[in-house]
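Only one structure is covered here, and it is reproduced in the block below.
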Amino acid sequence: MYQLSFSMPEFLENYWHKKPTILKGGFQNFIDPISPEELAGLSMEEEIDSRFVSNFNDEWTAEHGPFGEEKFSQLSESHWQLIVQAANHWHEGANQLTEAFTSLPNWLFDDLMICYSAIGGGVGPHIDQYDVFIIQGQGKRQWRVGAKDVGQYKETCRASALRQIEGFDAIIDETLEPGDILYIPPGFPHEGNTLEPSMSYSIGYRSPKEQELISNFADFVLAHDMGDVHLHDPEFKTQDTYGKIRTSDLANLTTMLKSALEQPGTVNDFMGCLLSQSRHQLNIVAPEPLWKPEEVAQHLESEGEIYRVSGLKALYHEHEDKMAYINGEVIKVADEDTAFLNTLCNQPVIHSGITMSQASISLLTDLVNKGYWFIED
Ligand code: SIN
Ligand code: CO
């Protein structure tokens with residue numbers, strides 16, 4: 001089990017969205033959850049998002065996976081990096097590393113990206129719009145971090161896919177060893193240089209942009225056929241000038257614009273659906289044949305366990321305990337099933353001994369048959 005050695009509340013107070021820092025020995029006696037060979041194996045899979053970046057002689061190239069065996073049989077000694085996105089969705093050990101961070105909310109969590117870097121390898125100086133905890137596994141990397149971007153950094157066209165910047169003065173310049181963690185808030189330029197072949201684990205958090213909320217809300221309104229009405233004003237009057245939009249008309253139109261946001265439940269459902277959708281592909285496989293509710297009940301009664309697919313998000317609102325949002329879908333439960341809903345959203349595994357009504361068994365059966373939860377053979 002992975003456990004952080006520092007106090008998350010103190011970290012949040014001092015650093016979160018404020019300044020980068022190094023959490024020396026953030027994990028004590030850190031053991032890599034995955035080997036470089038297993039990482040290479042993941043990068044060969046069609047559905048897994050991977051990249052290979054090379055910077056030999058300062059010539060930058062970036063290629064997207066999946067990669068074939070030949071990629072790994074003719075590698076140079078140095079100056080390259082292999083990156084696998086959302087590795088927690090595909091590798092159980094990698095998924096366990098993310099469980100050290102469950103005191104931060106699941107809705108904000110994006111993914112665990114894993115990099116294997118040969119000596120001299122990296123992705124060059126760049127700026128992310130993510131909060132990231134970069135955990136150093138085996139090996140050593142030197143990290144430089146600069147002051148927050150307020151428009152002073154220039155993008156280069158050296159390797160357009162990498163969105164690098166020209167360079168920056170360091171406010172942090174340190175070498176990370178196994179178990180050390182570098183935290184970088186959005187907007188701080190950074191660059192890692194590999195001193196010894198390394199594994200790095202980036203736990204990324206991404207909050208939605210205001211413009212994403214607005215455009216996604218517009219999609220939600222259309223998908224739910226809401227607001228399909230025109231302005232209605234039986235009290236309409238003539239006006240002295242033709243070109244004027246009256247303040248009273250503007251107020252009526254603005255009220256229309258806001259009305260969807262004021263429907264009870266609409267914003268809750270919209271946020272729940274949006275925030276529970278993973279931004280990376282999930283390992284969802286529907287069972288064959290499908291399970292029947294009595295078989296699921298029987299499985300739990302005989303000490304069987306039911307697992308949530310790694311990376312699948314199941315969320316609920318603090319003030320509403322009969323509703324959950326699972327992978328973008330709204331799920332409603334009866335009064336007696338609120339404890340079950342809490343388990344669904346907060347635990348990676350459903351164990352026997354949990355009290356469930358017939359309705360909850362049916363719901364769980366649906367979730368298993370969709371491939372969101374699974375029963376091991
Ligand atoms: C890297 O490990 O070099 C890439 C991670 C990052 O900079 O976000
Ligand atoms: Co970065």
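Each chain in the structure tokens gets a letter, A, B, ..., in the order shown, and its residues are numbered from 1; ligands are numbered from 1 in order too.
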Practice item. Using only C-alpha atoms, determine which residues lie at most 7 Å from region 368-377 of chain A, disregarding the query and same-chain residues fewer than 4 positions distant; provide the list as a ChimeraX atom specification. Key: /A:284-287,290-291,305-309,364
Review point. Mind listing the residues within 7 Å of ligand 2, only C-alpha atoms and all ligand atoms counted, as an MDAnalysis selection string?
Key: chainID A and resid 126:128 190
Kindly export the residues of the current selection with N, CA and C atoms, as a PDB file, in the first residue's frame.
ATOM      1  N   HIS A 126       8.668  23.204 -20.827  1.00  0.00           N
ATOM      2  CA  HIS A 126       7.272  23.428 -21.236  1.00  0.00           C
ATOM      3  C   HIS A 126       6.430  23.864 -20.037  1.00  0.00           C
ATOM      4  N   ILE A 127       5.197  24.257 -20.345  1.00  0.00           N
ATOM      5  CA  ILE A 127       4.252  24.716 -19.309  1.00  0.00           C
ATOM      6  C   ILE A 127       2.993  23.881 -19.431  1.00  0.00           C
ATOM      7  N   ASP A 128       2.484  23.349 -18.315  1.00  0.00           N
ATOM      8  CA  ASP A 128       1.228  22.584 -18.326  1.00  0.00           C
ATOM      9  C   ASP A 128       0.123  23.377 -17.640  1.00  0.00           C
ATOM     10  N   HIS A 190       8.696  24.010 -16.556  1.00  0.00           N
ATOM     11  CA  HIS A 190       9.549  23.002 -15.928  1.00  0.00           C
ATOM     12  C   HIS A 190      10.206  22.133 -16.978  1.00  0.00           C
TER      13      HIS A 190
END
Practice item. Kindly work out which residues sit at most 7 Å from ligand 1, using only C-alpha atoms and all ligand atoms, and give the list as JSON, numbers by chain. Key: {"A": [115, 122, 123, 128, 190, 191, 192, 200, 202]}
File of the preceding selection, N, CA, C and O atoms, as a PDB file, in the first residue's frame:
ATOM      1  N   CYS A 115       6.443   7.734 -17.210  1.00  0.00           N
ATOM      2  CA  CYS A 115       7.519   7.918 -18.193  1.00  0.00           C
ATOM      3  C   CYS A 115       8.703   7.045 -17.827  1.00  0.00           C
ATOM      4  O   CYS A 115       9.093   6.996 -16.662  1.00  0.00           O
ATOM      5  N   GLY A 122      13.897  13.461 -21.891  1.00  0.00           N
ATOM      6  CA  GLY A 122      12.915  14.366 -21.280  1.00  0.00           C
ATOM      7  C   GLY A 122      12.018  14.897 -22.374  1.00  0.00           C
ATOM      8  O   GLY A 122      12.136  14.476 -23.536  1.00  0.00           O
ATOM      9  N   VAL A 123      11.126  15.810 -22.030  1.00  0.00           N
ATOM     10  CA  VAL A 123      10.275  16.400 -23.078  1.00  0.00           C
ATOM     11  C   VAL A 123      10.616  17.876 -23.298  1.00  0.00           C
ATOM     12  O   VAL A 123       9.921  18.567 -24.016  1.00  0.00           O
ATOM     13  N   ASP A 128       2.484  23.349 -18.315  1.00  0.00           N
ATOM     14  CA  ASP A 128       1.228  22.584 -18.326  1.00  0.00           C
ATOM     15  C   ASP A 128       0.123  23.377 -17.640  1.00  0.00           C
ATOM     16  O   ASP A 128       0.392  24.217 -16.791  1.00  0.00           O
ATOM     17  N   HIS A 190       8.696  24.010 -16.556  1.00  0.00           N
ATOM     18  CA  HIS A 190       9.549  23.002 -15.928  1.00  0.00           C
ATOM     19  C   HIS A 190      10.206  22.133 -16.978  1.00  0.00           C
ATOM     20  O   HIS A 190       9.765  22.075 -18.127  1.00  0.00           O
ATOM     21  N   GLU A 191      11.233  21.430 -16.528  1.00  0.00           N
ATOM     22  CA  GLU A 191      12.018  20.595 -17.434  1.00  0.00           C
ATOM     23  C   GLU A 191      12.766  19.567 -16.592  1.00  0.00           C
ATOM     24  O   GLU A 191      13.398  19.907 -15.595  1.00  0.00           O
ATOM     25  N   GLY A 192      12.656  18.304 -17.008  1.00  0.00           N
ATOM     26  CA  GLY A 192      13.375  17.241 -16.297  1.00  0.00           C
ATOM     27  C   GLY A 192      14.492  16.716 -17.170  1.00  0.00           C
ATOM     28  O   GLY A 192      14.294  16.480 -18.358  1.00  0.00           O
ATOM     29  N   SER A 200       9.261   7.843 -13.895  1.00  0.00           N
ATOM     30  CA  SER A 200       8.590   8.974 -13.238  1.00  0.00           C
ATOM     31  C   SER A 200       7.087   8.757 -13.328  1.00  0.00           C
ATOM     32  O   SER A 200       6.582   8.313 -14.369  1.00  0.00           O
ATOM     33  N   SER A 202       3.521  10.711 -12.922  1.00  0.00           N
ATOM     34  CA  SER A 202       2.892  12.032 -12.810  1.00  0.00           C
ATOM     35  C   SER A 202       1.410  11.879 -12.487  1.00  0.00           C
ATOM     36  O   SER A 202       0.627  11.421 -13.320  1.00  0.00           O
TER      37      SER A 202
END
Check your understanding: Hey, what does DSSP flag as helix (DSSP H, G or I) within region 25-272 of chain A? Can you give it to me as an MDAnalysis selection string?
Key -> chainID A and resid 36:42 56:58 69:73 87:89 92:101 160:162 210:223 247:262 266:272
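Omitting region 69-75 of chain A and its sequence neighbours fewer than 5 positions away, and counting only C-alpha atoms, the residues within 9 Å are A:Ala40, A:Met44, A:Trp80.
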Revision key, fill the gap. Computed gap from CA of Ala118 (chain A) to CA of Pro197 (chain A) is 4.7 Å
Exercise for review: Within region 23-219 of chain A, find each residue whose DSSP state, derived from the backbone, is strand (DSSP E or B), and express the selection as a PyMOL selection string.
Suggested key: chain A and resi 23+50-54+61-64+78+80-84+109-117+119+126+131-136+140-146+155+164-165+170-176+181-184+190-196+198-205
Exercise for review: Measure the distance from CA of Ile214 (chain A) to CA of Glu318 (chain A) in Å and round it to one decimal.
Suggested key: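 Between CA of Ile214 (chain A) and CA of Glu318 (chain A) the gap works out to 22.7 Å.
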Exercise for review: With a distance cut-off of 9 Å and only C-alpha atoms, select the neighbouring residues of Gln138 (chain A), excluding the residue or stretch itself and same-chain residues fewer than 4 positions from it, and output the selection as a list in words.
Suggested key: Phe30, Ile31, Asp32, Glu177, Pro178, Gly179, Glu196, Pro197, Ser198, Met199 and Ser200 of chain A
Expected file: the selected residues, all heavy atoms, as a short mmCIF file (atom, residue, chain, number, x, y, z; two decimals), in the first residue's frame:
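File again30.cif, as written:
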data_model
loop_
_atom_site.label_atom_id
_atom_site.label_comp_id
_atom_site.auth_asym_id
_atom_site.auth_seq_id
_atom_site.Cartn_x
_atom_site.Cartn_y
_atom_site.Cartn_z
N PHE A 30 10.25 3.81 -1.44
CA PHE A 30 9.37 3.68 -2.61
C PHE A 30 9.76 2.49 -3.49
O PHE A 30 10.93 2.30 -3.82
CB PHE A 30 9.45 4.97 -3.44
CG PHE A 30 8.51 4.98 -4.60
CD1 PHE A 30 7.16 5.26 -4.42
CD2 PHE A 30 8.95 4.69 -5.89
CE1 PHE A 30 6.28 5.26 -5.50
CE2 PHE A 30 8.07 4.68 -6.97
CZ PHE A 30 6.73 4.97 -6.76
N ILE A 31 8.77 1.70 -3.82
CA ILE A 31 8.99 0.58 -4.74
C ILE A 31 8.18 0.84 -6.00
O ILE A 31 6.98 1.13 -5.91
CB ILE A 31 8.57 -0.76 -4.09
CG1 ILE A 31 9.48 -1.03 -2.88
CG2 ILE A 31 8.64 -1.91 -5.09
CD1 ILE A 31 9.05 -2.18 -2.02
N ASP A 32 8.80 0.76 -7.15
CA ASP A 32 8.09 1.01 -8.42
C ASP A 32 6.94 0.01 -8.58
O ASP A 32 7.15 -1.18 -8.42
CB ASP A 32 9.06 0.86 -9.60
CG ASP A 32 10.04 2.01 -9.67
OD1 ASP A 32 11.10 1.94 -9.03
OD2 ASP A 32 9.71 3.00 -10.36
N GLU A 177 15.35 11.73 -6.17
CA GLU A 177 15.73 10.33 -5.97
C GLU A 177 14.47 9.53 -5.68
O GLU A 177 13.42 10.12 -5.41
CB GLU A 177 16.71 10.26 -4.81
CG GLU A 177 17.97 11.03 -5.13
CD GLU A 177 19.03 10.95 -4.07
OE1 GLU A 177 18.74 10.45 -2.96
OE2 GLU A 177 20.16 11.38 -4.37
N PRO A 178 14.56 8.20 -5.71
CA PRO A 178 13.34 7.40 -5.54
C PRO A 178 12.50 7.80 -4.32
O PRO A 178 13.04 7.94 -3.22
CB PRO A 178 13.88 5.98 -5.41
CG PRO A 178 15.15 6.01 -6.20
CD PRO A 178 15.73 7.36 -5.98
N GLY A 179 11.22 8.04 -4.55
CA GLY A 179 10.29 8.41 -3.47
C GLY A 179 10.11 9.91 -3.31
O GLY A 179 9.20 10.36 -2.62
N GLU A 196 20.10 9.26 -14.41
CA GLU A 196 20.19 7.79 -14.43
C GLU A 196 18.88 7.30 -14.98
O GLU A 196 17.84 7.90 -14.70
CB GLU A 196 20.33 7.24 -12.99
CG GLU A 196 21.66 7.53 -12.35
CD GLU A 196 21.69 7.03 -10.89
OE1 GLU A 196 20.76 6.31 -10.46
OE2 GLU A 196 22.67 7.38 -10.21
N PRO A 197 18.87 6.20 -15.74
CA PRO A 197 17.60 5.71 -16.31
C PRO A 197 16.51 5.71 -15.24
O PRO A 197 16.73 5.20 -14.14
CB PRO A 197 17.96 4.30 -16.78
CG PRO A 197 19.42 4.35 -17.05
CD PRO A 197 20.00 5.32 -16.03
N SER A 198 15.37 6.29 -15.59
CA SER A 198 14.38 6.62 -14.56
C SER A 198 12.96 6.22 -14.92
O SER A 198 12.58 6.23 -16.09
CB SER A 198 14.33 8.14 -14.37
OG SER A 198 15.41 8.59 -13.61
N MET A 199 12.20 5.97 -13.87
CA MET A 199 10.74 5.89 -13.99
C MET A 199 10.19 7.12 -13.25
O MET A 199 10.60 7.41 -12.13
CB MET A 199 10.21 4.62 -13.31
CG MET A 199 10.61 3.34 -14.01
SD MET A 199 9.76 3.10 -15.58
CE MET A 199 8.23 2.36 -15.04
N SER A 200 9.26 7.84 -13.90
CA SER A 200 8.59 8.97 -13.24
C SER A 200 7.09 8.76 -13.33
O SER A 200 6.58 8.31 -14.37
CB SER A 200 8.87 10.30 -13.92
OG SER A 200 10.21 10.44 -14.25
#
Report as a tab-separated table the residues of region 285-370 of chain A within 10 Å of region 105-109 of chain A, each with its shortest atom pair and distance in Å (one decimal), using only C-alpha atoms, ordered by chain and increasing residue number.
residue	atom	partner	partner_atom	distance
A:Gly311	CA	A:Asn106	CA	9.2
A:Leu312	CA	A:Asn106	CA	9.7
A:Lys313	CA	A:Asn106	CA	7.0
A:Ala314	CA	A:Asn106	CA	8.4
A:Leu315	CA	A:Trp107	CA	7.4
A:Tyr316	CA	A:Trp107	CA	9.9
A:Cys345	CA	A:Asn106	CA	9.6
A:Asn346	CA	A:Asn106	CA	9.3
Review point. Looking at A:Ser248, A:Ser117, A:Gln142, A:Thr61, which one is nearest to Pro36 (chain A), with distances taken over only C-alpha atoms?
Key: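 Using only C-alpha atoms, Pro36 (chain A) sits closest to A:Ser117.
Atom to atom, CA of Phe52 (chain A) and CA of Ala159 (chain A) stand 12.9 Å apart.
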Practice item. Give the answer as one residue: which of A:Trp60, A:Tyr201, A:Tyr242, A:Phe11 has the shortest atom-to-atom distance to Leu104 (chain A), using only C-alpha atoms? Key: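 Between A:Trp60, A:Tyr201, A:Tyr242, A:Phe11, the residue approaching Leu104 (chain A) most closely is A:Phe11.
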